[in-house]
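Engineer: Here you go, this is start_17.cif (mmCIF, C-alpha atoms and all ligand atoms).
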data_start
loop_
_atom_site.label_atom_id
_atom_site.label_comp_id
_atom_site.auth_asym_id
_atom_site.auth_seq_id
_atom_site.Cartn_x
_atom_site.Cartn_y
_atom_site.Cartn_z
CA MET A 1 -5.27 23.21 -20.00
CA GLN A 2 -7.01 19.98 -20.85
CA TYR A 3 -10.40 19.26 -19.29
CA LYS A 4 -12.35 16.04 -18.93
CA GLU A 5 -16.07 15.69 -18.31
CA PHE A 6 -16.61 14.18 -14.87
CA LYS A 7 -20.38 13.97 -14.27
CA ASP A 8 -23.43 16.21 -14.57
CA GLY A 9 -21.71 18.35 -17.20
CA ILE A 10 -18.87 19.25 -14.83
CA LYS A 11 -15.53 19.58 -16.56
CA LEU A 12 -12.47 19.11 -14.38
CA SER A 13 -9.00 20.29 -15.32
CA ARG A 14 -6.81 17.23 -15.76
CA LEU A 15 -4.18 18.84 -13.56
CA GLY A 16 -5.26 19.45 -9.97
CA MET A 17 -3.43 21.42 -7.32
CA GLY A 18 -2.49 19.43 -4.22
CA ASN A 19 -2.10 21.46 -1.03
CA MET A 20 0.06 19.21 1.10
CA ARG A 21 3.48 20.56 0.15
CA LEU A 22 2.93 24.31 0.22
CA PRO A 23 5.84 26.68 0.86
CA ILE A 24 6.48 27.03 4.59
CA VAL A 25 8.20 29.44 7.00
CA ASP A 26 11.37 28.51 8.98
CA GLY A 27 11.06 24.83 8.10
CA ASP A 28 7.88 24.59 10.19
CA TYR A 29 5.35 22.37 8.33
CA ALA A 30 2.44 23.98 10.20
CA GLN A 31 3.39 27.51 9.14
CA ILE A 32 2.42 28.14 5.54
CA ASP A 33 4.09 31.01 3.73
CA TYR A 34 0.81 32.65 2.71
CA GLU A 35 2.25 35.10 0.21
CA LYS A 36 4.26 32.49 -1.72
CA ALA A 37 1.48 29.92 -1.50
CA LYS A 38 -1.14 32.41 -2.71
CA LYS A 39 1.01 33.13 -5.77
CA ILE A 40 0.93 29.42 -6.61
CA VAL A 41 -2.86 29.34 -6.27
CA ASP A 42 -3.16 32.48 -8.42
CA CYS A 43 -0.90 30.94 -11.06
CA CYS A 44 -3.05 27.77 -11.05
CA ILE A 45 -6.31 29.72 -11.33
CA ASP A 46 -4.90 31.86 -14.16
CA SER A 47 -3.89 28.71 -15.99
CA GLY A 48 -7.33 27.17 -15.83
CA ILE A 49 -6.80 24.64 -13.03
CA ASN A 50 -10.15 24.21 -11.32
CA TYR A 51 -9.51 21.31 -8.88
CA TYR A 52 -7.95 22.08 -5.47
CA ASP A 53 -7.23 19.24 -3.07
CA THR A 54 -6.62 19.46 0.65
CA ALA A 55 -7.11 17.30 3.77
CA TYR A 56 -7.78 17.64 7.49
CA ILE A 57 -4.19 16.76 8.39
CA TYR A 58 -2.20 18.65 5.75
CA HIS A 59 0.13 21.24 7.27
CA GLY A 60 -1.23 20.43 10.73
CA GLY A 61 -4.71 21.59 9.69
CA GLN A 62 -3.46 24.86 8.20
CA SER A 63 -3.82 23.75 4.58
CA GLU A 64 -7.63 23.88 4.78
CA CYS A 65 -7.54 27.35 6.39
CA PHE A 66 -5.08 28.62 3.77
CA LEU A 67 -6.96 27.18 0.82
CA GLY A 68 -10.28 28.60 2.01
CA LYS A 69 -8.73 32.07 2.26
CA ALA A 70 -6.81 31.88 -1.01
CA LEU A 71 -9.84 30.73 -2.99
CA SER A 72 -12.26 33.17 -1.33
CA ARG A 73 -10.82 35.83 -3.66
CA TYR A 74 -12.38 34.02 -6.62
CA PRO A 75 -16.03 33.28 -7.54
CA ARG A 76 -17.20 30.09 -5.79
CA ASP A 77 -18.36 28.56 -9.06
CA SER A 78 -14.93 28.96 -10.70
CA TYR A 79 -13.23 26.09 -8.79
CA TYR A 80 -13.87 22.78 -7.05
CA VAL A 81 -12.54 21.92 -3.61
CA ALA A 82 -11.67 18.40 -2.49
CA ASP A 83 -11.23 17.62 1.21
CA LYS A 84 -10.77 14.41 3.20
CA PHE A 85 -11.96 12.84 6.44
CA ASN A 86 -9.11 11.39 8.47
CA MET A 87 -10.24 8.73 10.90
CA MET A 88 -6.83 8.48 12.63
CA ALA A 89 -6.72 12.21 13.38
CA ASN A 90 -10.21 12.29 14.90
CA PRO A 91 -12.72 9.43 14.65
CA ASP A 92 -15.60 11.82 15.42
CA PHE A 93 -16.63 12.29 11.80
CA LYS A 94 -19.42 14.73 12.57
CA ALA A 95 -17.14 17.06 14.50
CA GLN A 96 -14.36 16.79 11.91
CA PHE A 97 -16.68 17.59 9.02
CA ALA A 98 -18.10 20.65 10.84
CA GLU A 99 -14.56 21.83 11.59
CA GLN A 100 -13.56 21.41 7.96
CA LEU A 101 -16.42 23.57 6.69
CA GLU A 102 -15.39 26.20 9.21
CA ARG A 103 -11.71 26.07 8.28
CA LEU A 104 -12.54 26.32 4.59
CA GLN A 105 -15.19 29.00 5.24
CA MET A 106 -17.46 27.15 2.84
CA ASP A 107 -20.97 25.65 2.96
CA VAL A 108 -20.28 22.91 0.44
CA ILE A 109 -17.31 20.63 -0.23
CA ASP A 110 -17.39 19.59 -3.87
CA PHE A 111 -15.36 16.39 -3.61
CA TYR A 112 -15.18 14.63 -0.25
CA LEU A 113 -13.01 11.60 0.42
CA LEU A 114 -12.34 9.08 3.15
CA HIS A 115 -8.62 9.60 3.55
CA GLY A 116 -6.04 6.86 2.97
CA THR A 117 -8.19 3.75 3.30
CA ASP A 118 -5.89 0.72 3.49
CA ASP A 119 -6.07 -2.95 4.44
CA ALA A 120 -5.49 -2.16 8.13
CA SER A 121 -8.17 0.54 8.40
CA LEU A 122 -10.75 -0.75 5.94
CA GLN A 123 -12.95 -2.72 8.31
CA SER A 124 -13.02 -0.05 11.01
CA THR A 125 -13.92 2.52 8.34
CA LEU A 126 -16.82 0.39 7.17
CA ASP A 127 -17.98 -0.26 10.76
CA SER A 128 -17.69 3.34 11.94
CA GLY A 129 -20.91 4.66 10.42
CA CYS A 130 -19.06 7.48 8.68
CA ILE A 131 -20.19 6.44 5.20
CA ALA A 132 -23.88 6.73 6.13
CA TYR A 133 -23.22 10.12 7.74
CA PHE A 134 -21.38 11.53 4.72
CA ASP A 135 -24.11 10.14 2.47
CA GLU A 136 -26.57 12.15 4.55
CA MET A 137 -24.36 15.23 4.09
CA LYS A 138 -24.45 14.58 0.37
CA LYS A 139 -28.24 14.41 0.44
CA GLN A 140 -28.28 17.70 2.33
CA GLY A 141 -26.10 19.26 -0.38
CA LYS A 142 -23.03 19.78 1.82
CA ILE A 143 -21.04 17.28 -0.21
CA ARG A 144 -21.39 17.10 -3.98
CA TYR A 145 -19.40 13.98 -4.78
CA PHE A 146 -18.25 11.30 -2.36
CA GLY A 147 -15.27 9.00 -2.80
CA PHE A 148 -12.21 7.63 -1.02
CA SER A 149 -8.47 7.57 -1.44
CA TYR A 150 -7.05 4.07 -1.39
CA HIS A 151 -3.69 2.70 -0.30
CA GLY A 152 -4.81 -0.89 0.19
CA SER A 153 -4.35 -4.07 -1.78
CA PRO A 154 -6.27 -5.07 -4.91
CA ALA A 155 -7.67 -8.03 -2.94
CA LEU A 156 -9.61 -5.78 -0.55
CA LEU A 157 -10.69 -3.07 -2.98
CA PRO A 158 -13.95 -4.90 -3.87
CA GLN A 159 -15.04 -4.65 -0.21
CA MET A 160 -14.85 -0.88 -0.45
CA LEU A 161 -16.45 -0.78 -3.87
CA ASN A 162 -19.39 -2.87 -2.64
CA ALA A 163 -19.98 -0.65 0.38
CA TYR A 164 -21.33 2.42 -1.45
CA PRO A 165 -22.04 3.79 -4.96
CA TRP A 166 -18.88 5.88 -4.96
CA ASP A 167 -18.63 8.86 -7.30
CA PHE A 168 -14.86 8.51 -7.69
CA VAL A 169 -11.77 6.89 -6.18
CA GLN A 170 -8.30 8.34 -5.76
CA ILE A 171 -5.34 5.99 -6.11
CA GLN A 172 -1.57 6.17 -6.33
CA LEU A 173 -0.90 5.77 -10.02
CA ASN A 174 2.31 6.21 -11.97
CA TYR A 175 4.29 4.15 -14.46
CA TYR A 176 6.59 2.73 -11.79
CA ASP A 177 3.74 1.38 -9.65
CA TRP A 178 2.05 0.11 -12.81
CA TYR A 179 4.99 -2.18 -13.56
CA PHE A 180 6.23 -2.89 -10.03
CA GLY A 181 3.33 -2.18 -7.71
CA ASP A 182 -0.44 -2.64 -7.53
CA ALA A 183 -1.50 0.32 -9.69
CA LYS A 184 -2.47 -1.76 -12.74
CA PRO A 185 -4.97 -4.11 -11.04
CA LEU A 186 -6.42 -1.23 -8.99
CA TYR A 187 -6.91 0.95 -12.06
CA GLU A 188 -8.38 -1.89 -14.09
CA MET A 189 -10.84 -2.80 -11.34
CA LEU A 190 -12.05 0.80 -11.15
CA ALA A 191 -12.27 1.13 -14.93
CA GLU A 192 -14.29 -2.10 -15.03
CA ALA A 193 -16.66 -0.70 -12.38
CA ASN A 194 -16.87 2.53 -14.38
CA ILE A 195 -15.68 4.63 -11.45
CA PRO A 196 -13.67 7.74 -12.37
CA VAL A 197 -10.07 7.66 -11.14
CA LEU A 198 -8.30 10.61 -9.59
CA VAL A 199 -4.56 10.25 -9.27
CA MET A 200 -2.17 10.97 -6.44
CA GLU A 201 1.60 10.54 -6.56
CA PRO A 202 1.92 10.67 -10.39
CA VAL A 203 5.70 11.09 -9.98
CA HIS A 204 5.91 8.65 -7.07
CA GLY A 205 6.70 11.25 -4.43
CA GLY A 206 9.46 12.71 -6.62
CA LEU A 207 11.17 9.39 -7.45
CA LEU A 208 10.31 9.64 -11.14
CA ALA A 209 11.56 13.22 -11.34
CA ASN A 210 14.91 12.11 -9.90
CA LEU A 211 15.72 8.86 -11.66
CA THR A 212 19.27 7.52 -11.53
CA ASP A 213 21.38 8.66 -14.51
CA GLU A 214 21.18 5.19 -16.00
CA ALA A 215 17.38 5.05 -15.66
CA ALA A 216 16.95 8.59 -17.04
CA LYS A 217 19.06 7.85 -20.12
CA PRO A 218 16.36 6.28 -22.36
CA LEU A 219 14.08 9.28 -21.78
CA LYS A 220 16.76 11.97 -22.01
CA GLU A 221 18.12 10.51 -25.26
CA LEU A 222 14.70 10.80 -26.84
CA ALA A 223 13.81 14.28 -25.56
CA PRO A 224 16.71 16.08 -23.86
CA ASP A 225 14.64 19.19 -23.13
CA LYS A 226 11.71 17.45 -21.42
CA SER A 227 11.76 17.07 -17.67
CA LEU A 228 11.58 13.59 -16.17
CA ALA A 229 8.42 14.64 -14.30
CA SER A 230 6.74 15.53 -17.60
CA TRP A 231 7.20 11.94 -18.80
CA ALA A 232 5.49 10.65 -15.68
CA MET A 233 2.61 13.09 -16.08
CA ARG A 234 2.12 12.29 -19.76
CA TRP A 235 2.05 8.58 -18.99
CA VAL A 236 -0.75 9.06 -16.43
CA ILE A 237 -2.97 11.32 -18.52
CA ASP A 238 -2.75 8.85 -21.38
CA LEU A 239 -5.07 6.54 -19.41
CA ASP A 240 -8.71 6.98 -20.43
CA ASN A 241 -10.31 6.63 -17.01
CA VAL A 242 -8.00 9.14 -15.33
CA HIS A 243 -9.81 12.41 -14.70
CA VAL A 244 -7.63 14.59 -12.47
CA VAL A 245 -3.91 14.20 -11.75
CA LEU A 246 -2.87 15.85 -8.51
CA SER A 247 0.44 17.54 -8.13
CA GLY A 248 1.55 19.03 -4.83
CA MET A 249 3.19 22.13 -6.22
CA SER A 250 5.42 24.06 -3.87
CA GLU A 251 7.11 26.38 -6.37
CA THR A 252 5.88 28.34 -9.36
CA ALA A 253 8.59 26.68 -11.52
CA GLN A 254 6.94 23.33 -10.81
CA VAL A 255 3.55 24.77 -11.79
CA GLU A 256 5.02 26.03 -15.05
CA ASP A 257 6.63 22.69 -15.91
CA ASN A 258 3.36 20.90 -15.19
CA LEU A 259 1.38 23.42 -17.19
CA SER A 260 3.55 23.01 -20.26
CA THR A 261 2.98 19.25 -20.08
CA PHE A 262 -0.78 19.55 -19.69
CA ASP A 263 -1.12 22.33 -22.26
CA GLU A 264 0.78 20.38 -24.90
CA ALA A 265 -1.23 17.21 -24.24
CA LEU A 266 1.01 15.03 -26.40
CA PRO A 267 -0.11 11.39 -26.44
CA LEU A 268 2.64 8.81 -25.98
CA SER A 269 3.89 6.76 -28.95
CA SER A 270 4.78 3.07 -28.69
CA GLU A 271 8.45 4.12 -28.72
CA ASP A 272 7.71 6.40 -25.74
CA HIS A 273 6.10 3.51 -23.86
CA THR A 274 9.11 1.29 -24.55
CA ARG A 275 11.48 3.96 -23.23
CA ILE A 276 9.37 4.48 -20.11
CA LEU A 277 9.35 0.76 -19.36
CA GLU A 278 13.13 0.69 -19.80
CA ALA A 279 13.52 3.62 -17.39
CA ALA A 280 11.25 1.92 -14.85
CA GLN A 281 13.18 -1.35 -15.05
CA LYS A 282 16.52 0.39 -14.62
CA GLN A 283 15.25 2.39 -11.67
CA HIS A 284 13.79 -0.73 -10.09
CA ALA A 285 17.07 -2.60 -10.48
CA ALA A 286 18.88 0.29 -8.80
CA VAL A 287 16.68 0.72 -5.75
CA ALA A 288 14.77 -2.45 -4.98
CA VAL A 289 15.35 -6.07 -4.03
CA ALA A 290 14.51 -7.76 -7.32
CA CYS A 291 12.64 -10.72 -5.83
CA THR A 292 11.00 -12.78 -8.56
CA SER A 293 8.36 -14.29 -6.22
CA CYS A 294 9.52 -17.79 -7.15
CA ARG A 295 8.80 -18.85 -3.53
CA TYR A 296 11.70 -21.33 -3.39
CA CYS A 297 12.58 -19.78 -0.03
CA CYS A 298 9.19 -20.39 1.59
CA PRO A 299 8.74 -24.13 2.26
CA ASP A 300 11.71 -24.42 4.65
CA CYS A 301 11.02 -21.30 6.67
CA PRO A 302 10.28 -22.65 10.18
CA MET A 303 8.19 -19.58 10.93
CA GLY A 304 6.04 -19.97 7.81
CA LEU A 305 6.73 -16.41 6.64
CA ASP A 306 5.44 -15.25 3.27
CA ILE A 307 8.90 -13.99 2.29
CA PRO A 308 8.16 -12.63 -1.23
CA PHE A 309 5.16 -10.73 0.15
CA LEU A 310 7.32 -9.19 2.87
CA ILE A 311 10.03 -8.29 0.35
CA LYS A 312 7.43 -6.58 -1.80
CA SER A 313 6.39 -4.50 1.22
CA TYR A 314 10.07 -3.78 1.85
CA ASN A 315 10.48 -2.47 -1.70
CA ASP A 316 7.32 -0.35 -1.37
CA ALA A 317 8.71 1.17 1.81
CA LYS A 318 12.19 1.79 0.39
CA ILE A 319 10.72 3.54 -2.62
CA GLY A 320 7.61 5.19 -1.22
CA GLY A 321 8.44 5.70 2.48
CA THR A 322 8.36 3.67 5.69
CA TRP A 323 4.67 4.46 6.25
CA ARG A 324 3.88 1.97 3.50
CA LEU A 325 4.74 -0.82 5.92
CA GLY A 326 1.45 0.13 7.60
CA SER A 327 -0.23 -2.43 5.34
CA LEU A 328 1.53 -5.17 7.35
CA MET A 329 -0.58 -4.24 10.38
CA ALA A 330 -3.45 -6.08 8.68
CA ILE A 331 -1.71 -9.47 8.95
CA GLU A 332 -1.10 -11.60 12.05
CA LYS A 333 1.91 -10.54 14.13
CA GLU A 334 3.32 -14.05 13.74
CA GLN A 335 3.68 -13.23 10.04
CA TRP A 336 5.57 -9.97 10.56
CA PRO A 337 9.29 -9.69 9.71
CA SER A 338 9.97 -9.59 13.46
CA ALA A 339 8.97 -13.27 13.64
CA CYS A 340 12.13 -14.18 11.64
CA ILE A 341 14.59 -16.11 13.83
CA GLY A 342 17.52 -15.55 11.46
CA CYS A 343 18.08 -19.26 10.83
CA GLY A 344 19.10 -18.66 7.18
CA GLU A 345 17.17 -21.67 5.80
CA CYS A 346 15.61 -19.43 3.17
CA MET A 347 18.94 -18.16 1.84
CA ALA A 348 20.03 -21.64 0.91
CA HIS A 349 17.18 -21.76 -1.62
CA CYS A 350 17.18 -18.22 -3.02
CA PRO A 351 18.52 -18.19 -6.60
CA GLN A 352 19.19 -14.47 -6.23
CA SER A 353 21.26 -14.96 -3.05
CA PHE A 354 19.39 -12.29 -1.13
CA ASP A 355 20.31 -11.82 2.51
CA ILE A 356 16.73 -12.42 3.64
CA PRO A 357 17.35 -12.44 7.42
CA GLU A 358 19.07 -9.06 7.05
CA ILE A 359 16.09 -7.69 5.09
CA MET A 360 13.71 -9.01 7.79
CA SER A 361 15.82 -7.40 10.47
CA GLU A 362 15.88 -4.04 8.66
CA MET A 363 12.11 -4.18 8.21
CA THR A 364 11.67 -4.89 11.91
CA GLU A 365 13.66 -1.75 12.73
CA MET A 366 11.65 0.27 10.21
CA MET A 367 8.39 -0.93 11.75
CA LYS A 368 9.58 0.10 15.22
CA THR A 369 9.77 3.69 14.01
CA MET A 370 6.07 3.53 13.21
CA GLU A 371 4.94 2.51 16.73
S1 LIG B 401 15.92 -16.60 8.22
FE1 LIG B 401 13.91 -15.88 8.80
S2 LIG B 401 12.79 -15.80 6.88
FE2 LIG B 401 14.58 -17.07 6.51
S3 LIG B 401 13.86 -19.16 6.91
FE3 LIG B 401 14.72 -18.41 8.82
S4 LIG B 401 12.95 -17.55 9.91
FE4 LIG B 401 12.33 -17.78 7.76
S1 LIG B 402 13.72 -17.42 -3.27
FE1 LIG B 402 14.56 -15.35 -3.44
S2 LIG B 402 13.69 -14.59 -5.38
FE2 LIG B 402 12.51 -16.42 -4.81
S3 LIG B 402 10.75 -15.60 -3.62
FE3 LIG B 402 12.36 -16.08 -2.16
S4 LIG B 402 13.47 -14.17 -1.90
FE4 LIG B 402 12.28 -13.96 -3.77
#
Output the structure of this file as structure tokens.

Structural biologist:
Amino acid sequence: MQYKEFKDGIKLSRLGMGNMRLPIVDGDYAQIDYEKAKKIVDCCIDSGINYYDTAYIYHGGQSECFLGKALSRYPRDSYYVADKFNMMANPDFKAQFAEQLERLQMDVIDFYLLHGTDDASLQSTLDSGCIAYFDEMKKQGKIRYFGFSYHGSPALLPQMLNAYPWDFVQIQLNYYDWYFGDAKPLYEMLAEANIPVLVMEPVHGGLLANLTDEAAKPLKELAPDKSLASWAMRWVIDLDNVHVVLSGMSETAQVEDNLSTFDEALPLSSEDHTRILEAAQKQHAAVAVACTSCRYCCPDCPMGLDIPFLIKSYNDAKIGGTWRLGSLMAIEKEQWPSACIGCGECMAHCPQSFDIPEIMSEMTEMMKTME
């Protein structure tokens, strides 16, 4: 296992175990299969993984209870626990924090995060008073390091960064989002501010482990025996300011594949980077609306919609899940896809001939499922 010095002499394993996709019983997300899940934790501990990530909402609250029990069989100084405050689940941050300590059966949470801060929730998070409270918990020694996980835009990240001297920030980072999403500017802003980065979704929720045959080809030709997920992992750990890469492991086979990647620790060559970019481009062409942001469609839209921005959100949602449309809640309703009147003015100007009204209509339906 590779380790990286975090702060204060603490060395974190570069692979961390996420506890949001543990094995379950009878397809019930709230019922963790303790025996199978414990084996995964044991395998991680035996392999030198010392970072274990959970959250208030994972497995309907059962992930914290499970993790506390599973880790209680090991010395408290042999691992670090990360847990997260979820404002949506319960805005009473004092009560939630007390409940979390109880569920974990611990006095101290090593890494504590504000969960899933995005453009829509950022201001209410800042106004809630939770940051001052968790800072107080840190002063009292109940939290060792305080950070946040971020799903928002690069434009609003500085507001969060200016609000507190954060110890770390967790972002969604993988080669696909680097080329086609916001990962690059987010990472660079954090590196510039000298804030350690922890990574979630290194394989983009499984997308990069299941590339189309065409997209997988450049990687498989180069290394037929390596898994597609291992390419994604190697790409992430190649970045200097990345400390821990989380993987939600639900089977021991997944743990083993990850371990072989992290044990080998092979840096990527320039040829590797070229192949990865090729794979990303092919995957993008296969799954997303390849809008070039030329904005030719915008001036004649009677509703004044920011069409390329909406198409970018559409791509994010198609690739990463409908929940990613949540970022649209931060803009005026008059700017939502539902404001489209289907006039077709935009299509007359789109060099790519996209059916924009159809995309707006599909987005409107997707957003309804979120209400
Ligand atoms: S179809 Fe919708 S997006 Fe296109 S110009 Fe008309 S209102 Fe705007
Ligand atoms: S004209 Fe077409 S390619 Fe250009 S921004 Fe609009 S939708 Fe995208």

Engineer: Ranking A:Gly181, A:Pro308, A:Gly320, A:Gly342 by minimum distance to ligand LIG 402 (chain B) and counting all atoms listed in the file, which one comes first?

Structural biologist: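 Among the listed residues, A:Pro308 lies closest to ligand LIG 402 (chain B).
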
Engineer: Counting only C-alpha atoms and all ligand atoms, what residues are within 10 Å of ligand LIG 402 (chain B), given as a compact mmCIF listing (two decimals) with C-alpha atoms, in the coordinates of the input?

Structural biologist:
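In the end it all went to selection_22.txt:
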# COMPACT_ATOMS: atom_id res chain seq x y z
CA VAL A 289 15.35 -6.07 -4.03
CA ALA A 290 14.51 -7.76 -7.32
CA CYS A 291 12.64 -10.72 -5.83
CA THR A 292 11.00 -12.78 -8.56
CA SER A 293 8.36 -14.29 -6.22
CA CYS A 294 9.52 -17.79 -7.15
CA ARG A 295 8.80 -18.85 -3.53
CA TYR A 296 11.70 -21.33 -3.39
CA CYS A 297 12.58 -19.78 -0.03
CA CYS A 298 9.19 -20.39 1.59
CA PRO A 299 8.74 -24.13 2.26
CA ASP A 306 5.44 -15.25 3.27
CA ILE A 307 8.90 -13.99 2.29
CA PRO A 308 8.16 -12.63 -1.23
CA PHE A 309 5.16 -10.73 0.15
CA LEU A 310 7.32 -9.19 2.87
CA ILE A 311 10.03 -8.29 0.35
CA LYS A 312 7.43 -6.58 -1.80
CA CYS A 346 15.61 -19.43 3.17
CA MET A 347 18.94 -18.16 1.84
CA ALA A 348 20.03 -21.64 0.91
CA HIS A 349 17.18 -21.76 -1.62
CA CYS A 350 17.18 -18.22 -3.02
CA PRO A 351 18.52 -18.19 -6.60
CA GLN A 352 19.19 -14.47 -6.23
CA SER A 353 21.26 -14.96 -3.05
CA PHE A 354 19.39 -12.29 -1.13
CA ASP A 355 20.31 -11.82 2.51
CA ILE A 356 16.73 -12.42 3.64
CA ILE A 359 16.09 -7.69 5.09

Engineer: Find the distance between atom CA of Leu208 of chain A and atom CA of Ser361 of chain A and write it in Å to one decimal.

Structural biologist: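 Distance between the two atoms: 28.1 Å.
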
Engineer: Between atom CA of Arg144 of chain A and atom CA of Asp110 of chain A, what distance in Å does the model show, to one decimal?

Structural biologist: 4.7 Å

Engineer: Using only C-alpha atoms and all ligand atoms, determine which residues fall within 6 Å of ligand LIG 401 (chain B), then list them as a ChimeraX atom specification.

Structural biologist: /A:301-303,305,340-346,356-357

Engineer: Using Å and a single decimal, report how far atom CA of Pro91 of chain A sits from atom CA of Arg103 of chain A.

Structural biologist: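 Pair atom CA of Arg103 of chain A / atom CA of Pro91 of chain A returns 17.8 Å.
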
Engineer: Need to verify the contact set: segment 172-180 of chain A, 6 Å, all atoms listed in the file, exclusion of same-chain residues closer than 5 positions in sequence. Can you return it as a list in words?

Structural biologist: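 Within the cut-off, the hits are Val199, Met200, Glu201, Pro202 and Ala280 of chain A.
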
Engineer: Excluding Leu268 of chain A and any residue of its chain fewer than 5 positions from it, enumerate the residues within 9 Å of it, using all atoms listed in the file, and give them as a ChimeraX atom specification.

Structural biologist: /A:234-235,238,273

Engineer: Using only C-alpha atoms, find the one residue out of A:Thr322, A:Ser153, A:Ser72, A:Phe93 that sits nearest to Met189 of chain A.

Structural biologist: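 For Met189 of chain A, the nearest of the given residues is A:Ser153.
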
Engineer: Counting only C-alpha atoms, what is within 12 Å of Cys43 of chain A, bar same-chain residues fewer than 2 positions away, as a PyMOL selection string?

Structural biologist: chain A and resi 17+36-41+45-50+70+249-256+258-259

Engineer: Restricting the calculation to all atoms listed in the file: of A:Pro337, A:Gly129, A:Gly248, A:Gly27, which residue gets closest to Gly205 of chain A?

Structural biologist: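 Counting all atoms listed in the file, the residue closest to Gly205 of chain A is A:Gly248.
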
Engineer: Return the single residue from A:Glu271, A:Asp213, A:Asp119, A:Asp135 that is closest to Pro158 of chain A, with distances computed using all atoms listed in the file.

Structural biologist: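 Of A:Glu271, A:Asp213, A:Asp119, A:Asp135, the one nearest Pro158 of chain A is A:Asp119, counting all atoms listed in the file.
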
Engineer: My list of candidates is A:Ala155, A:Leu122, A:Met87, A:Val242. Which is closest to Phe168 of chain A when distances are computed with only C-alpha atoms?

Structural biologist: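 For Phe168 of chain A, the nearest of the given residues is A:Val242.
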
Engineer: Find, counting only C-alpha atoms, the residue in A:Leu239, A:His151, A:Glu221, A:Arg324 that gets nearest to Glu188 of chain A.

Structural biologist: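 Closest to Glu188 of chain A, using only C-alpha atoms: A:Leu239.
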
Engineer: Segment 261-264 of chain A: which residues within 8 Å, counting all atoms listed in the file, same-chain residues fewer than 4 positions away excluded, as a list in words?

Structural biologist: Met1, Gln2, Arg14, Leu15, Ser230, Met233, Arg234 and Asp257 of chain A

Engineer: Since fewer atoms than expected are present, regenerate N, CA and C atoms for segment 42-55 of chain A and write them as an mmCIF file, in the frame of the given file.

Structural biologist:
data_model
loop_
_atom_site.group_PDB
_atom_site.id
_atom_site.type_symbol
_atom_site.label_atom_id
_atom_site.label_comp_id
_atom_site.auth_asym_id
_atom_site.auth_seq_id
_atom_site.Cartn_x
_atom_site.Cartn_y
_atom_site.Cartn_z
ATOM 1 N N ASP A 42 -2.801 31.514 -7.363
ATOM 2 C CA ASP A 42 -3.160 32.480 -8.420
ATOM 3 C C ASP A 42 -2.694 31.987 -9.784
ATOM 4 N N CYS A 43 -1.471 31.452 -9.811
ATOM 5 C CA CYS A 43 -0.900 30.940 -11.060
ATOM 6 C C CYS A 43 -1.761 29.776 -11.580
ATOM 7 N N CYS A 44 -2.208 28.917 -10.661
ATOM 8 C CA CYS A 44 -3.050 27.770 -11.050
ATOM 9 C C CYS A 44 -4.398 28.251 -11.585
ATOM 10 N N ILE A 45 -4.997 29.196 -10.880
ATOM 11 C CA ILE A 45 -6.310 29.720 -11.330
ATOM 12 C C ILE A 45 -6.159 30.360 -12.710
ATOM 13 N N ASP A 46 -5.119 31.184 -12.867
ATOM 14 C CA ASP A 46 -4.900 31.860 -14.160
ATOM 15 C C ASP A 46 -4.702 30.861 -15.283
ATOM 16 N N SER A 47 -4.178 29.702 -14.948
ATOM 17 C CA SER A 47 -3.890 28.710 -15.990
ATOM 18 C C SER A 47 -5.056 27.777 -16.252
ATOM 19 N N GLY A 48 -6.137 27.973 -15.553
ATOM 20 C CA GLY A 48 -7.330 27.170 -15.830
ATOM 21 C C GLY A 48 -7.492 25.940 -14.963
ATOM 22 N N ILE A 49 -6.622 25.776 -13.948
ATOM 23 C CA ILE A 49 -6.800 24.640 -13.030
ATOM 24 C C ILE A 49 -8.025 24.917 -12.165
ATOM 25 N N ASN A 50 -8.944 23.949 -12.113
ATOM 26 C CA ASN A 50 -10.150 24.210 -11.320
ATOM 27 C C ASN A 50 -10.377 23.181 -10.199
ATOM 28 N N TYR A 51 -9.374 22.339 -9.929
ATOM 29 C CA TYR A 51 -9.510 21.310 -8.880
ATOM 30 C C TYR A 51 -8.427 21.531 -7.824
ATOM 31 N N TYR A 52 -8.871 21.745 -6.567
ATOM 32 C CA TYR A 52 -7.950 22.080 -5.470
ATOM 33 C C TYR A 52 -8.160 21.091 -4.325
ATOM 34 N N ASP A 53 -7.111 20.360 -4.011
ATOM 35 C CA ASP A 53 -7.230 19.240 -3.070
ATOM 36 C C ASP A 53 -6.509 19.541 -1.752
ATOM 37 N N THR A 54 -7.236 19.305 -0.654
ATOM 38 C CA THR A 54 -6.620 19.460 0.650
ATOM 39 C C THR A 54 -7.076 18.304 1.546
ATOM 40 N N ALA A 55 -6.691 18.343 2.826
ATOM 41 C CA ALA A 55 -7.110 17.300 3.770
ATOM 42 C C ALA A 55 -7.004 17.848 5.184
#
